[in-house]
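Asker: Structure incoming, see below.
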Amino acid sequence: MEPGSVLSAYPLTLSTAFLLGFLARQVGLPPLIGFLVAGFLFYALGLKPDPTIAILADLGVTLLLFTIGLKLKIHNLTRPEVWAGATGHAVITVLVFSLGFILLSTVGIETFAAIGPGQAVLVAFALCFSSTVFAVKILEEKGEMLSLHGRTAIGILIMQDIFAVLFLTASTGKLPSLWAVPLLAALLLVRPGIYYILNRCGHGELLPMFGLFAALAVGVATFDLVGLKPDLGALALGMLLANNKRASEIADNLFSLKELFLVGFFVQIGLAGLPGWQDIGLAFFLVLLIPMKVVLFFLLLTRLRLRARTSFLASLSLANYSEFGLIVGAVGVANGWMDPSWMLIIAIALAISFVAAAPLNQLSHRLFSLLHDRLQKYEGPQRHPEEHPIDLGEAVVAIFGMGRVGSGAYDFITGDFGEVAVGVENNTNKVSEHRSKGRLVVHGDATDPDFWLRARHDKLRMILLAMPEHQANLYALRQLKEAGFEGYIAALAQFPDDAAELERVGAQVAFNLYEGAGSGFAAQVEPLLAEMLGDNPRDRLRNES
C-alpha cells in the first residue's frame, strides 16, 4: 500500500480509540466514554483523523435509527406515557430552562449577559433532548431494551427525535417536495414486496446486505430525494419492517456494523474542541440541571400510571444531553440565532453527562432498591395495564426469560411432568406469542424488586433464570435471595466465569450454555443411537473397537 493512501491515518485513530475504550471498560465505564476522550485528545494534540471518520459516524447514527425502527411498533408511540411524557417534558423543560437563563443574564456572567429571549428558548430546546445513542447502548448492555421501562424510554426518545426533525425541517425555510406524501403512501403499498424479498434472503450475507439496502438505498436516499430528513427515512424503513418475523434477525446481523460505525460518532463529538475555564464551568452548570430533567420525567411518568420503579429506570436512562442538541445548536449558529460559544459548551456538557450517567445507569437497580420507600409514595392509585398484579397460577417451577433456552426448558418440564411450570417474560410480544402456542406465560421482569410483591409465589419450589444477559440473571438472583426464596435456583451462563459468579451468589446450578450444547444435542439423538447399536450402546462400541 502506497504512503498517503486513504487507510494510512487509521492505525493511530483506531489504536487510540481502542486503548481508551478498553481503559474505560476496565474502570466500569462504557467504552463510548473512551471514544469521546479519544476525540478530545486528537483535538488537543492538533491531530486530524481521516475524514472518513465523519462518514462512519453518519452511517453509525443512520443504522442506529434503522435498528431502533426494527424494534419499534408505531402503536407504541400512541401510548400516553410516551407521547404525553415526551411532549409534557419538552414543554416544561423549555419553559423553565429558558426563564432561568434569562434571569441569569442579569447576574453578569459573560455568556449569559448577551442572551435574549429567543436565544434562551433555543438553548433550552437543545438541552431538552436526551441521547438516543447513549440510552440504546446502555439498555442493550443491560438487556432491558424490551422491558416496559426500556420501551418507554425509547418511545420518548423517538418522540424527541421527531421534535428535532420538525425543527430542522422548519429551520431550513423549505417545505418538503410535493412528492413526499405520495412517497410515504408508496412505501406502504410496496411493503408486501419488500417482505417477499426479505423472506427469500436466507440467513447468510444477503441478510445484512438487505438491511443496508433498506436503510440507505430505500430509506435515506428516497427521503432525501423528496426533501425529508434522510435519517428519518432509515427510521421509517425500520418501522415499516418491524412487524416482519425476521426484523430482529436483521437487527442482530447489523449489530456489529452499527457498533463499529458509532465509534466514529463518539470520536467526532470529542473533536468539537477544547473549552476555556468559563466554558467548562458553564458546562458543569448545565450538567447540574440534569437531575431536574430526571425528576420531571419521574413525576410525569408516575402520573401516567407507571409504577415508581418503571418510572425511575426510564427516567435514569434519559439522564443526559443529546447529540441532537448539538445538531440544533449548529442550525442555530448557522442561522445567526445562537452565539457560537454555546456549541462548545453544549458539546462539553454532553460529554460530561455521558460520563456521569454511565455509572448511575449501571447501578440503577441498586439505586432504586435504596430509594424504594421514598419513591413508592409517588405512585398514583391507578396502574398501567402492563403493571397489574401477576398470577402465577398453580405452578411450582418458574422460568424467567422465554427465549429459545427458556422455551425448551418449559416444553421439556411440561412434557414430562404436566402443567407445573410458568414462564415469565418482559417482552409483551413474546408473551402473546407463547400464549398463542398454549404455554402459560405471564408478563414480568425478574430484575424488578417489586415483582415478588406483585406475584403470589408461595407454591414455587424451583426457579430457572434463562435470560440472555448475565447481569440480568445475576441481579434477579440477588433479588431472590433478598426476598428470602428458599427453593432451588438454576441459572444460565454463557461463560465459565459467569457461571462461577452465579454459583457464588447463590445459584445451586449455573448451566454453561456453550459447554452444554453438545451434550444437549447428543441427548436428542440418544434414542436413535440406542436403536441402531442395541440396548447398551457404550458396551457395543467398546466391543467393536
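Residue numbering restarts at 1 for every chain of the C-alpha cells, chains are lettered A, B, ... in their displayed order, and ligands are numbered from 1 as they appear.
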I'd like the contact shell of Ile290 in chain A - 10 Å cut-off, only C-alpha atoms, skipping same-chain residues fewer than 2 positions apart - returned as a PDB file with all heavy atoms, in the first residue's frame.

Answerer:
```pdb
ATOM      1  N   LEU A 127     -31.298  21.606  24.972  1.00  0.00           N
ATOM      2  CA  LEU A 127     -30.988  20.843  26.182  1.00  0.00           C
ATOM      3  C   LEU A 127     -32.131  19.938  26.630  1.00  0.00           C
ATOM      4  O   LEU A 127     -31.954  19.143  27.559  1.00  0.00           O
ATOM      5  CB  LEU A 127     -30.634  21.802  27.322  1.00  0.00           C
ATOM      6  CG  LEU A 127     -29.383  22.659  27.121  1.00  0.00           C
ATOM      7  CD1 LEU A 127     -29.239  23.644  28.277  1.00  0.00           C
ATOM      8  CD2 LEU A 127     -28.139  21.793  26.992  1.00  0.00           C
ATOM      9  N   CYS A 128     -33.295  20.051  26.018  1.00  0.00           N
ATOM     10  CA  CYS A 128     -34.425  19.228  26.459  1.00  0.00           C
ATOM     11  C   CYS A 128     -34.330  17.795  25.943  1.00  0.00           C
ATOM     12  O   CYS A 128     -35.019  16.905  26.444  1.00  0.00           O
ATOM     13  CB  CYS A 128     -35.753  19.859  26.045  1.00  0.00           C
ATOM     14  SG  CYS A 128     -36.236  19.583  24.324  1.00  0.00           S
ATOM     15  N   SER A 130     -32.678  14.026  25.183  1.00  0.00           N
ATOM     16  CA  SER A 130     -31.799  13.023  25.775  1.00  0.00           C
ATOM     17  C   SER A 130     -31.211  12.182  24.645  1.00  0.00           C
ATOM     18  O   SER A 130     -31.796  12.084  23.559  1.00  0.00           O
ATOM     19  CB  SER A 130     -32.564  12.135  26.765  1.00  0.00           C
ATOM     20  OG  SER A 130     -33.078  12.909  27.831  1.00  0.00           O
ATOM     21  N   PHE A 285     -22.361  23.512  35.028  1.00  0.00           N
ATOM     22  CA  PHE A 285     -23.636  24.068  35.493  1.00  0.00           C
ATOM     23  C   PHE A 285     -24.805  23.422  34.755  1.00  0.00           C
ATOM     24  O   PHE A 285     -25.820  23.071  35.373  1.00  0.00           O
ATOM     25  CB  PHE A 285     -23.650  25.585  35.287  1.00  0.00           C
ATOM     26  CG  PHE A 285     -25.004  26.202  35.497  1.00  0.00           C
ATOM     27  CD1 PHE A 285     -25.533  26.358  36.769  1.00  0.00           C
ATOM     28  CD2 PHE A 285     -25.768  26.615  34.407  1.00  0.00           C
ATOM     29  CE1 PHE A 285     -26.785  26.916  36.956  1.00  0.00           C
ATOM     30  CE2 PHE A 285     -27.019  27.169  34.582  1.00  0.00           C
ATOM     31  CZ  PHE A 285     -27.529  27.325  35.863  1.00  0.00           C
ATOM     32  N   LEU A 286     -24.661  23.255  33.436  1.00  0.00           N
ATOM     33  CA  LEU A 286     -25.731  22.611  32.663  1.00  0.00           C
ATOM     34  C   LEU A 286     -25.924  21.163  33.090  1.00  0.00           C
ATOM     35  O   LEU A 286     -27.054  20.658  33.119  1.00  0.00           O
ATOM     36  CB  LEU A 286     -25.407  22.679  31.166  1.00  0.00           C
ATOM     37  CG  LEU A 286     -25.373  24.071  30.530  1.00  0.00           C
ATOM     38  CD1 LEU A 286     -25.101  23.972  29.040  1.00  0.00           C
ATOM     39  CD2 LEU A 286     -26.682  24.823  30.780  1.00  0.00           C
ATOM     40  N   VAL A 287     -24.821  20.484  33.428  1.00  0.00           N
ATOM     41  CA  VAL A 287     -24.935  19.095  33.892  1.00  0.00           C
ATOM     42  C   VAL A 287     -25.697  19.035  35.212  1.00  0.00           C
ATOM     43  O   VAL A 287     -26.463  18.096  35.461  1.00  0.00           O
ATOM     44  CB  VAL A 287     -23.536  18.459  34.037  1.00  0.00           C
ATOM     45  CG1 VAL A 287     -23.624  17.086  34.698  1.00  0.00           C
ATOM     46  CG2 VAL A 287     -22.874  18.323  32.670  1.00  0.00           C
ATOM     47  N   LEU A 288     -25.515  20.058  36.057  1.00  0.00           N
ATOM     48  CA  LEU A 288     -26.232  20.091  37.332  1.00  0.00           C
ATOM     49  C   LEU A 288     -27.741  20.269  37.150  1.00  0.00           C
ATOM     50  O   LEU A 288     -28.517  20.051  38.085  1.00  0.00           O
ATOM     51  CB  LEU A 288     -25.685  21.222  38.211  1.00  0.00           C
ATOM     52  CG  LEU A 288     -24.245  21.051  38.702  1.00  0.00           C
ATOM     53  CD1 LEU A 288     -23.808  22.281  39.490  1.00  0.00           C
ATOM     54  CD2 LEU A 288     -24.109  19.792  39.555  1.00  0.00           C
ATOM     55  N   MET A 292     -32.946  17.855  37.383  1.00  0.00           N
ATOM     56  CA  MET A 292     -34.277  18.440  37.204  1.00  0.00           C
ATOM     57  C   MET A 292     -35.016  17.719  36.085  1.00  0.00           C
ATOM     58  O   MET A 292     -36.224  17.466  36.192  1.00  0.00           O
ATOM     59  CB  MET A 292     -34.155  19.928  36.889  1.00  0.00           C
ATOM     60  CG  MET A 292     -33.583  20.770  38.024  1.00  0.00           C
ATOM     61  SD  MET A 292     -33.360  22.517  37.553  1.00  0.00           S
ATOM     62  CE  MET A 292     -35.027  22.955  37.112  1.00  0.00           C
ATOM     63  N   LYS A 293     -34.293  17.376  35.008  1.00  0.00           N
ATOM     64  CA  LYS A 293     -34.916  16.623  33.919  1.00  0.00           C
ATOM     65  C   LYS A 293     -35.380  15.253  34.402  1.00  0.00           C
ATOM     66  O   LYS A 293     -36.479  14.793  34.055  1.00  0.00           O
ATOM     67  CB  LYS A 293     -33.926  16.445  32.762  1.00  0.00           C
ATOM     68  CG  LYS A 293     -33.541  17.722  32.032  1.00  0.00           C
ATOM     69  CD  LYS A 293     -32.539  17.458  30.917  1.00  0.00           C
ATOM     70  CE  LYS A 293     -33.072  16.502  29.881  1.00  0.00           C
ATOM     71  NZ  LYS A 293     -32.147  16.318  28.746  1.00  0.00           N
ATOM     72  N   VAL A 294     -34.539  14.595  35.198  1.00  0.00           N
ATOM     73  CA  VAL A 294     -34.870  13.254  35.701  1.00  0.00           C
ATOM     74  C   VAL A 294     -36.098  13.312  36.611  1.00  0.00           C
ATOM     75  O   VAL A 294     -37.025  12.497  36.479  1.00  0.00           O
ATOM     76  CB  VAL A 294     -33.666  12.655  36.455  1.00  0.00           C
ATOM     77  CG1 VAL A 294     -34.042  11.311  37.082  1.00  0.00           C
ATOM     78  CG2 VAL A 294     -32.480  12.475  35.515  1.00  0.00           C
ATOM     79  N   VAL A 295     -36.111  14.273  37.533  1.00  0.00           N
ATOM     80  CA  VAL A 295     -37.251  14.404  38.451  1.00  0.00           C
ATOM     81  C   VAL A 295     -38.533  14.683  37.674  1.00  0.00           C
ATOM     82  O   VAL A 295     -39.595  14.115  37.973  1.00  0.00           O
ATOM     83  CB  VAL A 295     -36.978  15.524  39.482  1.00  0.00           C
ATOM     84  CG1 VAL A 295     -38.250  15.847  40.279  1.00  0.00           C
ATOM     85  CG2 VAL A 295     -35.853  15.110  40.417  1.00  0.00           C
ATOM     86  N   LEU A 296     -38.446  15.543  36.672  1.00  0.00           N
ATOM     87  CA  LEU A 296     -39.634  15.855  35.872  1.00  0.00           C
ATOM     88  C   LEU A 296     -40.137  14.634  35.124  1.00  0.00           C
ATOM     89  O   LEU A 296     -41.348  14.365  35.094  1.00  0.00           O
ATOM     90  CB  LEU A 296     -39.310  16.993  34.893  1.00  0.00           C
ATOM     91  CG  LEU A 296     -40.452  17.437  33.973  1.00  0.00           C
ATOM     92  CD1 LEU A 296     -41.682  17.835  34.778  1.00  0.00           C
ATOM     93  CD2 LEU A 296     -39.996  18.592  33.077  1.00  0.00           C
ATOM     94  N   LEU A 318     -32.719   8.453  30.612  1.00  0.00           N
ATOM     95  CA  LEU A 318     -32.810   9.725  29.883  1.00  0.00           C
ATOM     96  C   LEU A 318     -32.018  10.836  30.575  1.00  0.00           C
ATOM     97  O   LEU A 318     -32.146  12.006  30.218  1.00  0.00           O
ATOM     98  CB  LEU A 318     -34.275  10.136  29.756  1.00  0.00           C
ATOM     99  CG  LEU A 318     -35.192   9.101  29.086  1.00  0.00           C
ATOM    100  CD1 LEU A 318     -36.652   9.489  29.237  1.00  0.00           C
ATOM    101  CD2 LEU A 318     -34.841   8.936  27.621  1.00  0.00           C
ATOM    102  N   ALA A 319     -31.174  10.455  31.554  1.00  0.00           N
ATOM    103  CA  ALA A 319     -30.445  11.438  32.367  1.00  0.00           C
ATOM    104  C   ALA A 319     -29.165  11.887  31.679  1.00  0.00           C
ATOM    105  O   ALA A 319     -28.056  11.613  32.137  1.00  0.00           O
ATOM    106  CB  ALA A 319     -30.135  10.847  33.739  1.00  0.00           C
ATOM    107  N   ASN A 320     -29.296  12.564  30.560  1.00  0.00           N
ATOM    108  CA  ASN A 320     -28.131  13.053  29.812  1.00  0.00           C
ATOM    109  C   ASN A 320     -28.607  14.081  28.792  1.00  0.00           C
ATOM    110  O   ASN A 320     -29.814  14.308  28.635  1.00  0.00           O
ATOM    111  CB  ASN A 320     -27.422  11.895  29.099  1.00  0.00           C
ATOM    112  CG  ASN A 320     -28.395  11.012  28.336  1.00  0.00           C
ATOM    113  OD1 ASN A 320     -29.030  11.439  27.376  1.00  0.00           O
ATOM    114  ND2 ASN A 320     -28.542   9.768  28.777  1.00  0.00           N
ATOM    115  N   TYR A 321     -27.647  14.688  28.119  1.00  0.00           N
ATOM    116  CA  TYR A 321     -27.969  15.552  26.988  1.00  0.00           C
ATOM    117  C   TYR A 321     -27.759  14.782  25.692  1.00  0.00           C
ATOM    118  O   TYR A 321     -27.189  13.687  25.690  1.00  0.00           O
ATOM    119  CB  TYR A 321     -27.125  16.824  27.021  1.00  0.00           C
ATOM    120  CG  TYR A 321     -27.490  17.747  28.159  1.00  0.00           C
ATOM    121  CD1 TYR A 321     -26.537  18.157  29.099  1.00  0.00           C
ATOM    122  CD2 TYR A 321     -28.793  18.210  28.311  1.00  0.00           C
ATOM    123  CE1 TYR A 321     -26.873  18.999  30.149  1.00  0.00           C
ATOM    124  CE2 TYR A 321     -29.138  19.047  29.363  1.00  0.00           C
ATOM    125  CZ  TYR A 321     -28.182  19.438  30.274  1.00  0.00           C
ATOM    126  OH  TYR A 321     -28.529  20.262  31.311  1.00  0.00           O
ATOM    127  N   SER A 353     -22.154  14.671  30.748  1.00  0.00           N
ATOM    128  CA  SER A 353     -23.394  13.977  31.106  1.00  0.00           C
ATOM    129  C   SER A 353     -23.286  12.483  30.822  1.00  0.00           C
ATOM    130  O   SER A 353     -23.822  11.659  31.575  1.00  0.00           O
ATOM    131  CB  SER A 353     -24.590  14.574  30.346  1.00  0.00           C
ATOM    132  OG  SER A 353     -24.600  14.209  28.972  1.00  0.00           O
ATOM    133  N   ALA A 357     -23.688   9.793  33.697  1.00  0.00           N
ATOM    134  CA  ALA A 357     -24.857   8.925  33.599  1.00  0.00           C
ATOM    135  C   ALA A 357     -24.486   7.452  33.484  1.00  0.00           C
ATOM    136  O   ALA A 357     -25.266   6.583  33.895  1.00  0.00           O
ATOM    137  CB  ALA A 357     -25.718   9.336  32.403  1.00  0.00           C
TER     138      ALA A 357
END
```

Asker: Could you produce a table of the residues of range 224-342 of chain A lying within 9 Å of range 77-99 of chain A, with the nearest pair of atoms per residue and their separation in Å rounded to one decimal, using only C-alpha atoms, ordered by chain and increasing residue number, as JSON lines?

Answerer:
```
{"residue": "A:Leu289", "atom": "CA", "partner": "A:Phe97", "partner_atom": "CA", "distance": 8.8}
{"residue": "A:Met292", "atom": "CA", "partner": "A:Thr93", "partner_atom": "CA", "distance": 8.7}
{"residue": "A:Lys293", "atom": "CA", "partner": "A:Thr93", "partner_atom": "CA", "distance": 7.2}
{"residue": "A:Leu296", "atom": "CA", "partner": "A:His89", "partner_atom": "CA", "distance": 6.8}
{"residue": "A:Phe297", "atom": "CA", "partner": "A:His89", "partner_atom": "CA", "distance": 6.5}
{"residue": "A:Leu300", "atom": "CA", "partner": "A:Gly85", "partner_atom": "CA", "distance": 6.1}
{"residue": "A:Leu301", "atom": "CA", "partner": "A:Glu81", "partner_atom": "CA", "distance": 6.1}
{"residue": "A:Thr302", "atom": "CA", "partner": "A:Glu81", "partner_atom": "CA", "distance": 8.9}
{"residue": "A:Arg303", "atom": "CA", "partner": "A:Glu81", "partner_atom": "CA", "distance": 8.9}
{"residue": "A:Leu304", "atom": "CA", "partner": "A:Glu81", "partner_atom": "CA", "distance": 5.6}
{"residue": "A:Arg305", "atom": "CA", "partner": "A:Glu81", "partner_atom": "CA", "distance": 8.0}
{"residue": "A:Leu306", "atom": "CA", "partner": "A:Glu81", "partner_atom": "CA", "distance": 7.9}
```

Asker: What is the CA of Lys459 in chain A to CA of Val405 in chain A distance in Å?

Answerer: 23.4 Å

Asker: Looking at only C-alpha atoms, which of A:Phe210, A:Phe368, A:Trp179, A:Tyr43 is the one that sits closest to Thr310 in chain A?

Answerer: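 Of the candidates, the smallest distance to Thr310 in chain A is held by A:Phe368.
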
Asker: How many Å lie between CA of Phe101 in chain A and CA of Val328 in chain A, rounded to one decimal?

Answerer: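 Spanning CA of Phe101 in chain A to CA of Val328 in chain A is a straight-line distance of 17.5 Å.
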
Asker: To one decimal place in Å, what is the distance between CA of Asp445 in chain A and CA of Ile138 in chain A?

Answerer: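 Those two atoms sit 17.4 Å apart.
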
Asker: When distances are computed from only C-alpha atoms, which of A:Gly393, A:Gly69, A:Gly401, A:Gly506 shows the smallest separation from Ile250 in chain A?

Answerer: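 Answer, going by the shortest atom-to-atom distance: A:Gly69.
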
Asker: Counting only C-alpha atoms, which residue out of A:Gly60, A:Pro496, A:Gly46, A:Gly408 sits closest to Glu259 in chain A?

Answerer: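 Using only C-alpha atoms, the shortest distance to Glu259 in chain A belongs to A:Gly60.
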
Asker: For range 210-241 of chain A against range 183-202 of chain A, with a cut-off of 10 Å and counting only C-alpha atoms, what is the closest atom pair and its distance in Å to one decimal for every residue that makes the cut, ordered by chain and number, as a tab-separated table?

Answerer:
```
residue	atom	partner	partner_atom	distance
A:Phe210	CA	A:Leu198	CA	7.1
A:Gly211	CA	A:Leu198	CA	9.0
A:Ala214	CA	A:Ile194	CA	8.7
A:Val218	CA	A:Leu187	CA	9.2
A:Gly219	CA	A:Leu187	CA	9.5
A:Thr222	CA	A:Leu183	CA	8.0
A:Phe223	CA	A:Leu183	CA	8.2
A:Leu225	CA	A:Leu183	CA	9.9
A:Val226	CA	A:Leu183	CA	8.0
A:Gly233	CA	A:Leu184	CA	9.9
A:Ala236	CA	A:Leu184	CA	9.3
A:Leu237	CA	A:Leu187	CA	8.4
A:Leu240	CA	A:Arg191	CA	7.3
A:Leu241	CA	A:Tyr195	CA	7.6
```

Asker: If you run DSSP on this backbone, which residues of range 67-234 of chain A come out as alpha helix (DSSP H), and could you give them as a PyMOL selection string?

Answerer: chain A and resi 67-70+80-104+110-113+117-127+132-141+148-171+180-198+206-212+221-225+230-234

Asker: Which residues come within 6 Å of range 13-26 of chain A, counting only C-alpha atoms, excluding same-chain residues fewer than 4 positions away, as JSON, numbers by chain?

Answerer: {"A": [30, 31, 34, 35, 38]}

Asker: Give me, as a list in words, all polymer residues having an atom no more than 12 Å from Trp277 in chain A, counting only C-alpha atoms and skipping those fewer than 4 positions away in the same chain.

Answerer: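 Once the adjacent positions are removed, what remains is Gly281, Leu282, Ala283, Phe284, Leu344, Ile345 and Ile348 of chain A.
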
Asker: Can those selected residues be exported to a file as a PDB file, in the first residue's frame so that it contains all heavy atoms?

Answerer:
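For reference, out-v4.pdb as written:
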```pdb
ATOM      1  N   GLY A 281     -16.924  25.657  33.245  1.00  0.00           N
ATOM      2  CA  GLY A 281     -17.792  25.957  34.383  1.00  0.00           C
ATOM      3  C   GLY A 281     -19.258  25.972  33.989  1.00  0.00           C
ATOM      4  O   GLY A 281     -20.113  25.414  34.692  1.00  0.00           O
ATOM      5  N   LEU A 282     -19.562  26.587  32.848  1.00  0.00           N
ATOM      6  CA  LEU A 282     -20.954  26.622  32.375  1.00  0.00           C
ATOM      7  C   LEU A 282     -21.444  25.238  31.982  1.00  0.00           C
ATOM      8  O   LEU A 282     -22.608  24.895  32.203  1.00  0.00           O
ATOM      9  CB  LEU A 282     -21.074  27.581  31.192  1.00  0.00           C
ATOM     10  CG  LEU A 282     -20.987  29.075  31.535  1.00  0.00           C
ATOM     11  CD1 LEU A 282     -20.994  29.918  30.275  1.00  0.00           C
ATOM     12  CD2 LEU A 282     -22.137  29.487  32.445  1.00  0.00           C
ATOM     13  N   ALA A 283     -20.531  24.430  31.396  1.00  0.00           N
ATOM     14  CA  ALA A 283     -20.905  23.066  31.032  1.00  0.00           C
ATOM     15  C   ALA A 283     -21.275  22.262  32.278  1.00  0.00           C
ATOM     16  O   ALA A 283     -22.273  21.522  32.287  1.00  0.00           O
ATOM     17  CB  ALA A 283     -19.766  22.391  30.270  1.00  0.00           C
ATOM     18  N   PHE A 284     -20.477  22.401  33.350  1.00  0.00           N
ATOM     19  CA  PHE A 284     -20.799  21.708  34.602  1.00  0.00           C
ATOM     20  C   PHE A 284     -22.114  22.222  35.180  1.00  0.00           C
ATOM     21  O   PHE A 284     -22.897  21.448  35.747  1.00  0.00           O
ATOM     22  CB  PHE A 284     -19.665  21.887  35.613  1.00  0.00           C
ATOM     23  CG  PHE A 284     -18.602  20.832  35.508  1.00  0.00           C
ATOM     24  CD1 PHE A 284     -17.387  21.114  34.900  1.00  0.00           C
ATOM     25  CD2 PHE A 284     -18.815  19.557  36.013  1.00  0.00           C
ATOM     26  CE1 PHE A 284     -16.402  20.145  34.790  1.00  0.00           C
ATOM     27  CE2 PHE A 284     -17.836  18.577  35.918  1.00  0.00           C
ATOM     28  CZ  PHE A 284     -16.622  18.867  35.306  1.00  0.00           C
ATOM     29  N   LEU A 344     -19.818  24.842  21.809  1.00  0.00           N
ATOM     30  CA  LEU A 344     -18.758  24.183  22.568  1.00  0.00           C
ATOM     31  C   LEU A 344     -19.237  23.838  23.971  1.00  0.00           C
ATOM     32  O   LEU A 344     -18.951  22.753  24.493  1.00  0.00           O
ATOM     33  CB  LEU A 344     -17.525  25.079  22.628  1.00  0.00           C
ATOM     34  CG  LEU A 344     -16.248  24.451  23.200  1.00  0.00           C
ATOM     35  CD1 LEU A 344     -15.878  23.198  22.431  1.00  0.00           C
ATOM     36  CD2 LEU A 344     -15.119  25.452  23.157  1.00  0.00           C
ATOM     37  N   ILE A 345     -19.982  24.746  24.599  1.00  0.00           N
ATOM     38  CA  ILE A 345     -20.490  24.499  25.954  1.00  0.00           C
ATOM     39  C   ILE A 345     -21.423  23.286  25.964  1.00  0.00           C
ATOM     40  O   ILE A 345     -21.320  22.407  26.832  1.00  0.00           O
ATOM     41  CB  ILE A 345     -21.217  25.747  26.485  1.00  0.00           C
ATOM     42  CG1 ILE A 345     -20.226  26.901  26.660  1.00  0.00           C
ATOM     43  CG2 ILE A 345     -21.926  25.442  27.803  1.00  0.00           C
ATOM     44  CD1 ILE A 345     -20.894  28.236  26.937  1.00  0.00           C
ATOM     45  N   ILE A 348     -19.392  20.001  25.545  1.00  0.00           N
ATOM     46  CA  ILE A 348     -18.726  19.567  26.771  1.00  0.00           C
ATOM     47  C   ILE A 348     -19.747  19.047  27.784  1.00  0.00           C
ATOM     48  O   ILE A 348     -19.531  18.027  28.452  1.00  0.00           O
ATOM     49  CB  ILE A 348     -17.912  20.719  27.389  1.00  0.00           C
ATOM     50  CG1 ILE A 348     -16.845  21.194  26.400  1.00  0.00           C
ATOM     51  CG2 ILE A 348     -17.248  20.268  28.684  1.00  0.00           C
ATOM     52  CD1 ILE A 348     -15.907  20.110  25.934  1.00  0.00           C
TER      53      ILE A 348
END
```

Asker: Return the single residue from A:Leu157, A:Ala164, A:Leu228, A:Leu480 that is closest to Leu178 in chain A, with distances computed using only C-alpha atoms.

Answerer: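 For Leu178 in chain A, the nearest of the given residues is A:Leu228.
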
Asker: Neighbouring residues of Val267 in chain A were defined as those with any atom within 9 Å, considering only C-alpha atoms; residues of the same chain fewer than 4 positions away were excluded. Please report them as a JSON list (two decimals) with C-alpha atoms, in the first residue's frame.

Answerer:
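Result written to out_23.json:
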```json
[["chain", "number", "residue", "atom", "x", "y", "z"],
["A", 17, "ALA", "CA", -9.88, 4.83, 20.31],
["A", 32, "LEU", "CA", -18.02, 5.08, 24.45],
["A", 34, "GLY", "CA", -13.08, 6.30, 25.99],
["A", 35, "PHE", "CA", -14.03, 7.09, 22.41],
["A", 36, "LEU", "CA", -15.14, 10.58, 23.47],
["A", 37, "VAL", "CA", -11.86, 11.16, 25.29],
["A", 38, "ALA", "CA", -10.00, 10.00, 22.15],
["A", 39, "GLY", "CA", -11.70, 12.79, 20.19],
["A", 40, "PHE", "CA", -10.71, 15.39, 22.79],
["A", 42, "PHE", "CA", -6.92, 14.31, 18.94],
["A", 53, "ILE", "CA", -14.49, 9.14, 10.38],
["A", 57, "ALA", "CA", -20.27, 8.49, 12.23],
["A", 262, "LEU", "CA", -20.73, 4.51, 16.18],
["A", 263, "VAL", "CA", -17.10, 4.66, 17.33],
["A", 271, "LEU", "CA", -13.30, 16.68, 18.03]]
```

Asker: From the set A:Gln278, A:Ala446, A:Ala466, A:Asn76, which residue has the shortest atom-to-atom contact distance to Met159 in chain A, counting only C-alpha atoms?

Answerer: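 Looking at the shortest contact to Met159 in chain A, the residue is A:Asn76.
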
Asker: Considering only C-alpha atoms, can you say which of A:Leu104, A:Gly155, A:Phe451, A:Phe261 comes closest to His388 in chain A?

Answerer: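 Checking each of A:Leu104, A:Gly155, A:Phe451, A:Phe261 against His388 in chain A, counting only C-alpha atoms, the winner is A:Phe451.
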
Asker: Just want the 10 Å neighbourhood of Gly336 in chain A, counted on only C-alpha atoms, with same-chain residues fewer than 5 positions away dropped. Output as a list of chain:residue names.

Answerer: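 So, after excluding close chain neighbours, the residues are A:Gln119, A:Ala330, A:Val331.
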